[in-house]
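Data from coords-v1.cif: mmCIF, C-alpha atoms
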data_data
#
loop_
_atom_site.label_atom_id
_atom_site.label_comp_id
_atom_site.auth_asym_id
_atom_site.auth_seq_id
_atom_site.Cartn_x
_atom_site.Cartn_y
_atom_site.Cartn_z
CA MET H 1 -53.04 117.46 173.74
CA SER H 2 -52.55 119.83 176.61
CA TYR H 3 -51.98 118.55 180.14
CA ASP H 4 -53.54 121.25 182.19
CA LYS H 5 -54.97 120.54 185.61
CA ASP H 6 -58.56 120.07 184.58
CA SER H 7 -57.94 117.56 181.85
CA HIS H 8 -55.91 115.52 184.34
CA LYS H 9 -58.84 115.56 186.67
CA ILE H 10 -61.16 114.31 183.99
CA PHE H 11 -58.70 111.66 182.90
CA ASP H 12 -58.23 110.46 186.49
CA PHE H 13 -61.95 110.43 187.06
CA ILE H 14 -62.55 108.25 184.01
CA GLN H 15 -59.65 105.98 184.88
CA ASN H 16 -60.75 105.50 188.48
CA TRP H 17 -64.36 105.04 187.44
CA ALA H 18 -63.33 102.25 185.08
CA ARG H 19 -61.04 100.65 187.65
CA LYS H 20 -63.59 100.62 190.42
CA HIS H 21 -66.14 98.80 188.31
CA SER H 22 -63.88 95.97 187.28
CA ILE H 23 -62.32 94.60 190.44
CA TRP H 24 -60.99 91.22 189.55
CA VAL H 25 -60.04 89.11 192.52
CA LEU H 26 -57.31 86.56 192.31
CA ALA H 27 -58.64 83.12 193.16
CA TYR H 28 -56.12 82.43 195.89
CA GLY H 29 -57.20 81.44 199.36
CA THR H 30 -54.64 81.37 202.12
CA GLY H 31 -56.58 80.56 205.27
CA CYS H 32 -60.02 79.42 206.30
CA GLY H 33 -61.55 82.70 205.05
CA ALA H 34 -61.66 81.43 201.49
CA ILE H 35 -64.84 79.57 202.42
CA GLU H 36 -66.72 82.88 202.55
CA ILE H 37 -65.84 83.70 198.95
CA PRO H 38 -68.17 81.22 197.17
CA PRO H 39 -71.32 82.58 198.88
CA THR H 40 -70.14 86.10 198.11
CA MET H 41 -69.70 85.29 194.47
CA THR H 42 -72.77 83.16 193.90
CA SER H 43 -76.40 84.06 193.48
CA ARG H 44 -77.43 85.12 196.96
CA TYR H 45 -74.95 87.96 197.43
CA ASP H 46 -73.80 88.13 193.81
CA ALA H 47 -70.67 90.25 194.01
CA GLU H 48 -70.45 90.42 190.26
CA ARG H 49 -73.08 93.18 190.18
CA LEU H 50 -70.35 95.36 191.74
CA GLY H 51 -67.86 94.26 189.14
CA VAL H 52 -66.14 91.87 191.52
CA ARG H 53 -65.26 88.59 189.91
CA GLY H 54 -62.59 85.96 189.99
CA ALA H 55 -59.44 85.95 187.92
CA ALA H 56 -57.39 82.89 187.23
CA THR H 57 -53.85 84.26 187.18
CA PRO H 58 -52.01 87.02 189.04
CA ARG H 59 -51.39 88.92 185.81
CA GLN H 60 -55.09 89.32 185.16
CA ALA H 61 -56.08 90.18 188.70
CA ASP H 62 -56.48 93.55 190.40
CA VAL H 63 -57.12 92.55 193.98
CA LEU H 64 -55.22 90.14 196.16
CA LEU H 65 -57.55 88.95 198.88
CA ILE H 66 -55.62 87.59 201.85
CA THR H 67 -58.29 85.34 203.31
CA GLY H 68 -57.24 84.63 206.84
CA TYR H 69 -54.01 83.65 208.51
CA LEU H 70 -50.75 83.62 206.60
CA THR H 71 -48.13 81.08 207.55
CA THR H 72 -44.52 81.99 207.02
CA LYS H 73 -44.40 79.53 204.15
CA THR H 74 -47.46 80.98 202.44
CA LEU H 75 -46.18 84.51 202.94
CA LYS H 76 -43.34 83.88 200.49
CA ARG H 77 -45.77 82.68 197.83
CA VAL H 78 -48.12 85.57 198.48
CA ILE H 79 -45.32 88.10 198.08
CA ARG H 80 -44.33 86.45 194.84
CA VAL H 81 -47.92 86.52 193.62
CA TYR H 82 -48.28 90.14 194.62
CA GLU H 83 -45.15 91.16 192.76
CA GLN H 84 -46.36 89.38 189.64
CA MET H 85 -49.60 91.31 189.57
CA GLN H 86 -49.77 94.28 187.28
CA ASP H 87 -50.86 97.79 188.11
CA PRO H 88 -53.45 98.68 189.28
CA LYS H 89 -53.30 96.32 192.22
CA TYR H 90 -54.83 96.37 195.66
CA VAL H 91 -54.62 94.18 198.75
CA ILE H 92 -57.53 93.42 201.05
CA GLY H 93 -56.78 91.94 204.45
CA PHE H 94 -59.63 89.63 205.32
CA GLY H 95 -60.45 88.55 208.86
CA SER H 96 -58.87 89.39 212.18
CA CYS H 97 -55.87 87.12 211.59
CA THR H 98 -54.44 89.59 209.10
CA ILE H 99 -55.00 92.50 211.47
CA ASN H 100 -53.47 91.30 214.74
CA GLY H 101 -53.02 87.56 214.47
CA GLY H 102 -56.51 86.74 215.73
CA MET H 103 -56.65 83.40 217.45
CA TYR H 104 -53.14 82.63 216.22
CA TYR H 105 -51.54 85.46 218.20
CA ASP H 106 -49.06 83.05 219.82
CA SER H 107 -48.51 80.69 216.93
CA TYR H 108 -44.92 80.09 215.92
CA ASN H 109 -45.56 79.95 212.19
CA THR H 110 -48.12 82.58 211.28
CA ILE H 111 -47.46 86.27 210.81
CA LYS H 112 -49.56 88.65 212.89
CA VAL H 113 -49.57 92.04 211.18
CA LEU H 114 -49.99 91.86 207.43
CA ASP H 115 -49.26 95.48 206.60
CA LYS H 116 -45.64 95.09 207.69
CA TYR H 117 -45.11 92.78 204.74
CA LEU H 118 -47.56 93.93 202.07
CA PRO H 119 -49.35 97.26 201.61
CA VAL H 120 -52.96 96.74 202.64
CA ASP H 121 -55.64 99.04 201.27
CA VAL H 122 -58.68 97.77 203.11
CA TYR H 123 -59.08 95.56 206.15
CA ILE H 124 -62.25 93.58 206.72
CA ASN H 125 -62.76 92.78 210.36
CA GLY H 126 -64.33 89.63 211.71
CA CYS H 127 -63.71 85.99 212.31
CA MET H 128 -65.16 85.10 209.87
CA PRO H 129 -66.50 88.19 208.10
CA ARG H 130 -69.93 87.47 206.67
CA PRO H 131 -70.49 88.00 202.94
CA GLU H 132 -72.18 91.30 203.79
CA ALA H 133 -68.97 92.45 205.45
CA VAL H 134 -66.97 91.30 202.43
CA LEU H 135 -69.23 93.30 200.16
CA ALA H 136 -68.88 96.30 202.46
CA GLY H 137 -65.13 95.91 202.17
CA PHE H 138 -65.32 95.88 198.41
CA ALA H 139 -67.58 98.92 198.47
CA LYS H 140 -65.03 100.69 200.65
CA LEU H 141 -62.28 99.76 198.22
CA GLN H 142 -64.35 101.13 195.34
CA GLN H 143 -64.82 104.36 197.24
CA LEU H 144 -61.09 104.63 197.89
CA ILE H 145 -60.32 103.94 194.24
CA ALA H 146 -62.78 106.60 193.13
CA GLU H 147 -61.13 109.09 195.46
CA GLY H 148 -57.68 108.04 194.27
CA LYS H 149 -56.62 106.99 197.77
CA ALA H 150 -56.06 103.28 197.17
CA ASN H 151 -52.37 103.70 196.48
CA GLY H 152 -50.91 100.64 198.17
CA ALA H 153 -48.87 99.66 195.14
CA GLN H 154 -47.31 103.12 195.08
CA LYS H 155 -46.45 102.76 198.75
CA TYR H 156 -44.87 99.39 198.09
CA LYS H 157 -42.75 100.80 195.29
CA GLU H 158 -41.51 103.69 197.34
CA ASN H 159 -40.82 101.74 200.53
CA LEU H 160 -39.66 98.52 198.94
CA GLU H 161 -36.50 98.31 201.06
CA TRP H 162 -38.43 98.55 204.30
CA TYR H 163 -40.87 95.83 203.16
CA ARG H 164 -38.01 93.63 201.97
CA GLU H 165 -36.25 93.94 205.28
CA ASN H 166 -39.35 92.79 207.13
CA GLN H 167 -39.92 89.98 204.65
CA LYS H 168 -36.36 88.77 204.95
CA ARG H 169 -36.68 88.62 208.71
CA ILE H 170 -39.22 85.85 208.17
CA SER H 171 -37.39 84.03 205.40
CA PRO H 172 -33.64 84.64 205.62
CA HIS H 173 -32.81 82.41 202.66
CA TRP H 174 -34.36 84.67 200.06
CA VAL H 175 -34.34 83.15 196.58
CA MET H 176 -36.92 85.36 194.87
CA PRO H 177 -36.41 87.26 191.62
CA GLU H 178 -35.95 90.99 191.91
CA TYR H 179 -39.10 93.08 191.77
CA ASN H 180 -39.24 94.98 188.48
CA TRP H 181 -42.37 96.70 187.33
CA MET O 1 -57.89 36.39 221.77
CA GLN O 2 -56.35 35.78 225.20
CA LYS O 3 -54.79 32.65 223.80
CA LEU O 4 -53.32 34.57 220.88
CA LYS O 5 -51.99 37.18 223.25
CA ALA O 6 -50.38 34.65 225.55
CA ASN O 7 -48.82 33.01 222.54
CA LEU O 8 -47.51 36.37 221.37
CA ILE O 9 -46.01 37.22 224.76
CA GLU O 10 -44.32 33.83 224.83
CA HIS O 11 -42.87 34.33 221.34
CA ILE O 12 -41.58 37.81 222.04
CA ASN O 13 -40.13 36.91 225.42
CA SER O 14 -38.31 33.90 224.03
CA GLY O 15 -36.36 36.16 221.72
CA PHE O 16 -36.24 39.37 223.76
CA ARG O 17 -35.89 38.75 227.46
CA ASP O 18 -35.87 42.46 228.34
CA ALA O 19 -39.26 43.09 226.79
CA VAL O 20 -41.87 43.68 229.48
CA ALA O 21 -45.40 42.90 228.37
CA LYS O 22 -48.49 44.70 229.60
CA ASP O 23 -51.85 43.21 228.80
CA TYR O 24 -55.18 45.01 228.47
CA PRO O 25 -57.61 42.13 229.10
CA ASN O 26 -60.71 43.41 227.30
CA GLU O 27 -59.01 45.10 224.37
CA ASN O 28 -57.28 43.72 221.32
CA ARG O 29 -54.15 45.47 222.43
CA LEU O 30 -50.82 44.41 223.88
CA ASP O 31 -47.98 46.64 225.05
CA PHE O 32 -44.28 45.85 225.17
CA TYR O 33 -41.71 48.02 226.92
CA VAL O 34 -38.31 47.48 225.33
CA ASN O 35 -34.86 49.01 225.05
CA LYS O 36 -34.25 51.34 222.14
CA GLN O 37 -31.54 49.05 220.69
CA CYS O 38 -34.09 46.23 220.38
CA ILE O 39 -36.47 48.25 218.24
CA PRO O 40 -35.33 47.20 214.73
CA SER O 41 -34.93 43.54 215.67
CA ILE O 42 -38.22 43.24 217.53
CA LEU O 43 -40.10 44.96 214.70
CA THR O 44 -38.43 42.79 212.08
CA TYR O 45 -39.26 39.70 214.11
CA ALA O 46 -42.87 40.74 214.52
CA LYS O 47 -43.21 41.57 210.85
CA ASP O 48 -41.51 38.51 209.36
CA ARG O 49 -42.43 35.78 211.83
CA LEU O 50 -45.54 36.82 213.69
CA GLY O 51 -47.54 38.43 210.87
CA TYR O 52 -47.59 42.01 212.21
CA ILE O 53 -47.13 43.38 208.74
CA HIS O 54 -48.79 46.77 209.10
CA LEU O 55 -47.20 49.80 210.76
CA SER O 56 -50.21 51.84 211.87
CA HIS O 57 -48.46 54.70 213.50
CA ILE O 58 -45.43 55.95 215.34
CA ALA O 59 -46.42 58.13 218.25
CA ILE O 60 -44.27 60.17 220.58
CA VAL O 61 -44.75 61.38 224.13
CA ASP O 62 -42.61 64.12 225.60
CA TRP O 63 -41.97 63.28 229.28
CA LEU O 64 -40.45 66.63 230.15
CA GLU O 65 -40.31 66.02 233.92
CA GLU O 66 -38.49 62.73 233.48
CA GLY O 67 -36.19 64.08 230.77
CA GLU O 68 -37.18 61.46 228.25
CA PHE O 69 -39.08 60.93 225.02
CA GLU O 70 -41.26 57.88 224.65
CA LEU O 71 -41.64 56.48 221.15
CA ILE O 72 -44.52 54.12 220.48
CA TYR O 73 -44.54 51.94 217.41
CA ILE O 74 -48.07 50.67 216.78
CA ILE O 75 -48.22 47.63 214.55
CA TRP O 76 -51.17 45.55 213.50
CA SER O 77 -51.75 42.01 212.45
CA PRO O 78 -54.65 41.61 210.00
CA GLU O 79 -54.89 37.90 210.82
CA GLU O 80 -54.80 38.00 214.60
CA LYS O 81 -56.59 41.39 214.80
CA ILE O 82 -54.30 42.54 217.60
CA LYS O 83 -52.57 45.88 217.96
CA MET O 84 -49.07 45.67 219.34
CA PHE O 85 -47.63 48.77 221.00
CA VAL O 86 -43.86 48.65 221.14
CA ARG O 87 -42.77 51.34 223.57
CA THR O 88 -39.30 52.63 224.14
CA ARG O 89 -37.68 55.52 225.95
CA VAL O 90 -34.89 57.77 224.77
CA GLU O 91 -33.16 60.58 226.65
CA ARG O 92 -34.20 64.13 225.86
CA GLU O 93 -30.72 65.58 225.52
CA ASN O 94 -29.27 64.67 222.11
CA PRO O 95 -31.72 61.84 221.43
CA VAL O 96 -30.53 59.25 218.93
CA MET O 97 -32.77 56.44 217.72
CA PRO O 98 -32.18 53.48 215.43
CA ASN O 99 -33.68 53.96 211.99
CA ILE O 100 -36.43 51.56 210.86
CA ASP O 101 -37.25 52.85 207.39
CA MET O 102 -35.72 49.74 205.80
CA ILE O 103 -38.44 47.69 207.51
CA TRP O 104 -41.36 49.93 206.59
CA ARG O 105 -40.66 52.64 204.06
CA GLN O 106 -43.44 54.85 205.36
CA ALA O 107 -41.53 55.17 208.65
CA ASN O 108 -39.25 57.54 206.80
CA THR O 109 -41.92 60.25 206.87
CA TYR O 110 -42.51 59.85 210.60
CA GLU O 111 -38.80 59.97 211.30
CA ARG O 112 -38.32 63.13 209.29
CA GLU O 113 -41.13 64.75 211.21
CA PHE O 114 -39.66 63.68 214.55
CA ARG O 115 -36.28 64.99 213.50
CA GLU O 116 -37.72 68.36 212.64
CA MET O 117 -40.36 68.78 215.32
CA TYR O 118 -38.57 67.12 218.26
CA GLY O 119 -34.91 67.13 217.29
CA ILE O 120 -34.52 63.35 217.43
CA GLN O 121 -31.71 62.09 215.21
CA PHE O 122 -32.16 58.75 213.44
CA GLN O 123 -29.02 56.81 212.58
CA GLY O 124 -28.56 56.60 208.83
CA LEU O 125 -31.77 58.38 207.88
CA GLU O 126 -31.48 59.53 204.29
CA ALA O 127 -33.79 62.48 203.71
CA PRO O 128 -33.52 66.21 203.03
CA GLU O 129 -32.97 68.31 206.11
CA GLU O 130 -36.20 70.32 205.79
CA PHE O 131 -39.57 68.63 205.97
CA ILE O 132 -42.47 70.96 206.83
CA LEU O 133 -40.85 74.04 208.28
CA GLU O 134 -39.01 76.35 205.91
CA ASP O 135 -36.18 78.59 207.06
CA TRP O 136 -36.70 77.52 210.62
CA GLN O 137 -34.42 79.38 213.01
CA GLY O 138 -35.62 78.34 216.46
CA PRO O 139 -35.49 75.16 218.55
CA PRO O 140 -37.67 72.17 217.58
CA PRO O 141 -41.17 73.56 218.00
CA MET O 142 -43.16 70.58 219.25
CA ARG O 143 -41.06 70.04 222.36
CA ARG O 144 -42.94 70.88 225.52
CA ASP O 145 -40.34 73.34 226.73
CA PHE O 146 -40.64 75.39 223.55
CA ASP O 147 -42.54 78.57 224.41
CA THR O 148 -44.52 79.47 221.31
CA GLU O 149 -45.71 82.82 222.64
CA GLU O 150 -42.21 83.96 223.49
CA TYR O 151 -40.93 82.83 220.12
CA ALA O 152 -43.79 84.61 218.34
CA ASN O 153 -43.10 87.80 220.29
CA GLU O 154 -39.46 87.72 219.27
CA THR O 155 -40.00 86.78 215.64
CA PHE O 156 -43.13 88.58 214.49
CA PHE O 157 -44.52 92.07 214.68
CA HIS O 158 -47.47 92.61 216.95
CA ARG O 159 -50.09 95.28 216.72
CA PRO O 160 -50.47 97.09 220.04
CA GLY O 161 -53.91 96.83 221.56
CA ARG O 162 -56.30 99.71 221.98
CA GLU O 163 -55.86 102.00 224.97
CA ASP O 164 -59.56 102.10 225.73
CA ALA O 165 -60.10 98.34 225.61
CA GLY O 166 -62.24 97.51 228.60
CA ASP O 167 -64.41 94.76 229.93
CA VAL O 168 -67.51 94.58 227.79
CA ARG O 169 -69.36 92.65 230.46
CA GLU O 170 -69.62 95.57 232.84
CA GLU O 171 -71.14 97.74 230.17
CA ILE O 172 -73.69 95.05 229.38
CA ILE O 173 -74.57 94.72 233.06
CA LYS O 174 -75.05 98.45 233.40
CA ARG O 175 -77.49 98.39 230.56
CA SER O 176 -79.44 95.26 231.44
CA ARG O 177 -79.14 95.63 235.28
CA GLU O 178 -78.14 92.04 235.86
CA GLU O 179 -75.44 90.66 238.13
CA ILE O 180 -72.34 88.76 237.13
CA PRO O 181 -72.77 85.14 238.20
CA ASP O 182 -70.05 83.89 240.53
CA PHE O 183 -68.58 81.38 238.13
CA ALA O 184 -68.04 84.15 235.54
CA LYS O 185 -66.29 86.56 237.90
CA LYS O 186 -62.91 84.91 237.60
CA TYR O 187 -62.94 85.59 233.85
CA SER O 188 -63.50 89.33 234.36
CA ARG O 189 -60.53 91.58 233.86
#

Please render this file's structure as structure tokens.
Amino acid sequence: MSYDKDSHKIFDFIQNWARKHSIWVLAYGTGCGAIEIPPTMTSRYDAERLGVRGAATPRQADVLLITGYLTTKTLKRVIRVYEQMQDPKYVIGFGSCTINGGMYYDSYNTIKVLDKYLPVDVYINGCMPRPEAVLAGFAKLQQLIAEGKANGAQKYKENLEWYRENQKRISPHWVMPEYNW
Amino acid sequence: MQKLKANLIEHINSGFRDAVAKDYPNENRLDFYVNKQCIPSILTYAKDRLGYIHLSHIAIVDWLEEGEFELIYIIWSPEEKIKMFVRTRVERENPVMPNIDMIWRQANTYEREFREMYGIQFQGLEAPEEFILEDWQGPPPMRRDFDTEEYANETFFHRPGREDAGDVREEIIKRSREEIPDFAKKYSR
């Protein structure tokens, strides 16, 4: 089989097409935003017609949905979950708390800017985002996947030291296994 | 109920002369202001002899201006239906309190929380050092002189705001040709 430019293109197109139609979301809610997920998944908004559905374990999931604020304690667990997920993997920051802290801008135990700790592909704005906004976020993620631009996992691999440094600022007693993929 | 209360004050004062009672005539509530050394003995006495077998709550008040913490032990008698508030004061610098978790085991949880959130040490408290906070590096966070915003600015990253962020209200007024009411003016930027 020859690996010329065109066959790569076709291969990537097929791969991305398949990936964008089977976005499995890890059932893991961190903040209050998780309450918007059931209406998104159930019959009224029915996210499964876009290929979005829940996955039980990190190893089966493609998307980590950070639903709302992240406390410093939850951050450790989220990082661990993220590192257990297998490629392809994407992160969606959900709600204004993940963007700039939201109403918890002066809280002593929540992080404010998520993309310093995990590579975020899509942010969904709002407090709370309505299910329509969530679906718009998923549609945006699908578009990015189709264009091959949703490369957060690649960014995480390449800049792992920078992410680790930021993560260890929050939790100095780091007892996590090394990230091997 | 007044009779029960008077009886209770008499009982407590016979054993603890320092205890100052404060009565709330129309409520089933009675306050006692005591020294912090009296706390284990007065609670044991109330539990074993007077039937105040239930520890409802331990509350804390941070009197920053007076340099003291006030601890309030709220105990309840299911027979007399009276709440007894046992209040005590402890200094804010290096506060040390007697431990009461041998009287009520559930007090252990409260004391761990006070140790972590207010920095109060309890003599002989056997519990792991960390309770709710993990990897905590700052001062006890629930004290009133702890500035959460300053701590958050030092510890966490912040996203800078937009340059063109303006007052939305003025734009709305331009469009709808209304005036800002006086009470709302002080909230304008």

Checklist line | Proximal residues of chain H relative to chain O (all atoms listed in the file; 7 Å) as a list in words | finding: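 Those within range of chain O come out as Lys73, Asn100, Asp106, Ser107, Tyr108, Ile111, Lys112, Val113, Ser171, Pro172 and His173 of chain H.
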
Next item on the list: Can you turn the PyMOL selection byres ((chain H and resi 16-19) around 9) into a concrete residue list for this file, as a list in words?
Entry: Phe11, Asp12, Phe13, Ile14, Gln15, Lys20, His21, Ser22, Ile23, Asp62, Pro88, Gln142, Ile145, Ala146, Glu147 and Gly148 of chain H

Next item on the list: List the residues selected by the PyMOL selection byres ((chain H and resi 59) around 7) in the file shown, writing them as a ChimeraX atom specification.
Entry: /H:57-58,60-61,84-86

Padding 3 Å on every side, please: axis-aligned box over the listed atoms of range 155-167 of chain O, centre and edge lengths to one decimal in Å, as JSON.
{"center_x": -52.2, "center_y": 94.4, "center_z": 222.2, "size_x": 30.4, "size_y": 21.3, "size_z": 21.4}

Notebook entry, point to check: CA of Tyr104 in chain H and CA of Lys76 in chain H, how far apart in Å?
Noted result: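 Spanning CA of Lys76 in chain H to CA of Tyr104 in chain H is a straight-line distance of 18.6 Å.
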
How would you write, as an mmCIF file with C-alpha atoms, in the coordinates of the input, the residues chosen by the PyMOL selection byres ((chain O and resi 39) around 10) on this structure?
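Contents of part28.cif, as written:
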data_model
loop_
_atom_site.group_PDB
_atom_site.id
_atom_site.type_symbol
_atom_site.label_atom_id
_atom_site.label_comp_id
_atom_site.auth_asym_id
_atom_site.auth_seq_id
_atom_site.Cartn_x
_atom_site.Cartn_y
_atom_site.Cartn_z
ATOM 1 C CA VAL O 34 -38.310 47.480 225.330
ATOM 2 C CA ASN O 35 -34.860 49.010 225.050
ATOM 3 C CA LYS O 36 -34.250 51.340 222.140
ATOM 4 C CA GLN O 37 -31.540 49.050 220.690
ATOM 5 C CA CYS O 38 -34.090 46.230 220.380
ATOM 6 C CA PRO O 40 -35.330 47.200 214.730
ATOM 7 C CA SER O 41 -34.930 43.540 215.670
ATOM 8 C CA ILE O 42 -38.220 43.240 217.530
ATOM 9 C CA LEU O 43 -40.100 44.960 214.700
ATOM 10 C CA THR O 44 -38.430 42.790 212.080
ATOM 11 C CA TYR O 45 -39.260 39.700 214.110
ATOM 12 C CA TYR O 73 -44.540 51.940 217.410
ATOM 13 C CA VAL O 86 -43.860 48.650 221.140
ATOM 14 C CA ARG O 87 -42.770 51.340 223.570
ATOM 15 C CA THR O 88 -39.300 52.630 224.140
ATOM 16 C CA MET O 97 -32.770 56.440 217.720
ATOM 17 C CA PRO O 98 -32.180 53.480 215.430
ATOM 18 C CA ASN O 99 -33.680 53.960 211.990
ATOM 19 C CA ILE O 100 -36.430 51.560 210.860
#

Checklist line | Between CA of Asp101 in chain O and CA of Arg115 in chain O - distance in Å to one decimal | finding: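 Those two atoms sit 13.6 Å apart.
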
Check: Any idea what the distance is between CA of Arg80 in chain H and CA of Asn151 in chain H?
Finding: 19.1 Å

Check: Counting all atoms listed in the file, what is within 6 Å of range 54-56 of chain H, bar same-chain residues fewer than 4 positions away, as a ChimeraX atom specification?
Finding: /H:24-27,61

Next item on the list: Please work out which residues fall within 6 Å of (-58.2, 85.0, 206.8), coordinates as given in the file, with all atoms listed in the file counting, and return them as a list in words.
Entry: Gly31, Cys32, Gly33, Thr67, Gly68, Tyr69, Phe94, Gly95 and Cys97 of chain H

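Distance check against Glu36 in chain H using all atoms listed in the file: of H:Leu114, H:Met128, H:Val63, H:Leu135, the minimum falls on H:Met128.
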
Checklist line | Residue contacts of Asp23 in chain O (9 Å, all atoms listed in the file) excluding same-chain residues fewer than 4 positions away, as a PyMOL selection string | finding: chain O and resi 5+27+29-32

Notebook entry, point to check: For Gly137 in chain H, which residue out of H:Ser96, H:Asn125, H:Thr30, H:Thr74 is the nearest one, using all atoms listed in the file?
Noted result: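 Among H:Ser96, H:Asn125, H:Thr30, H:Thr74, it is H:Asn125 that comes nearest to Gly137 in chain H.
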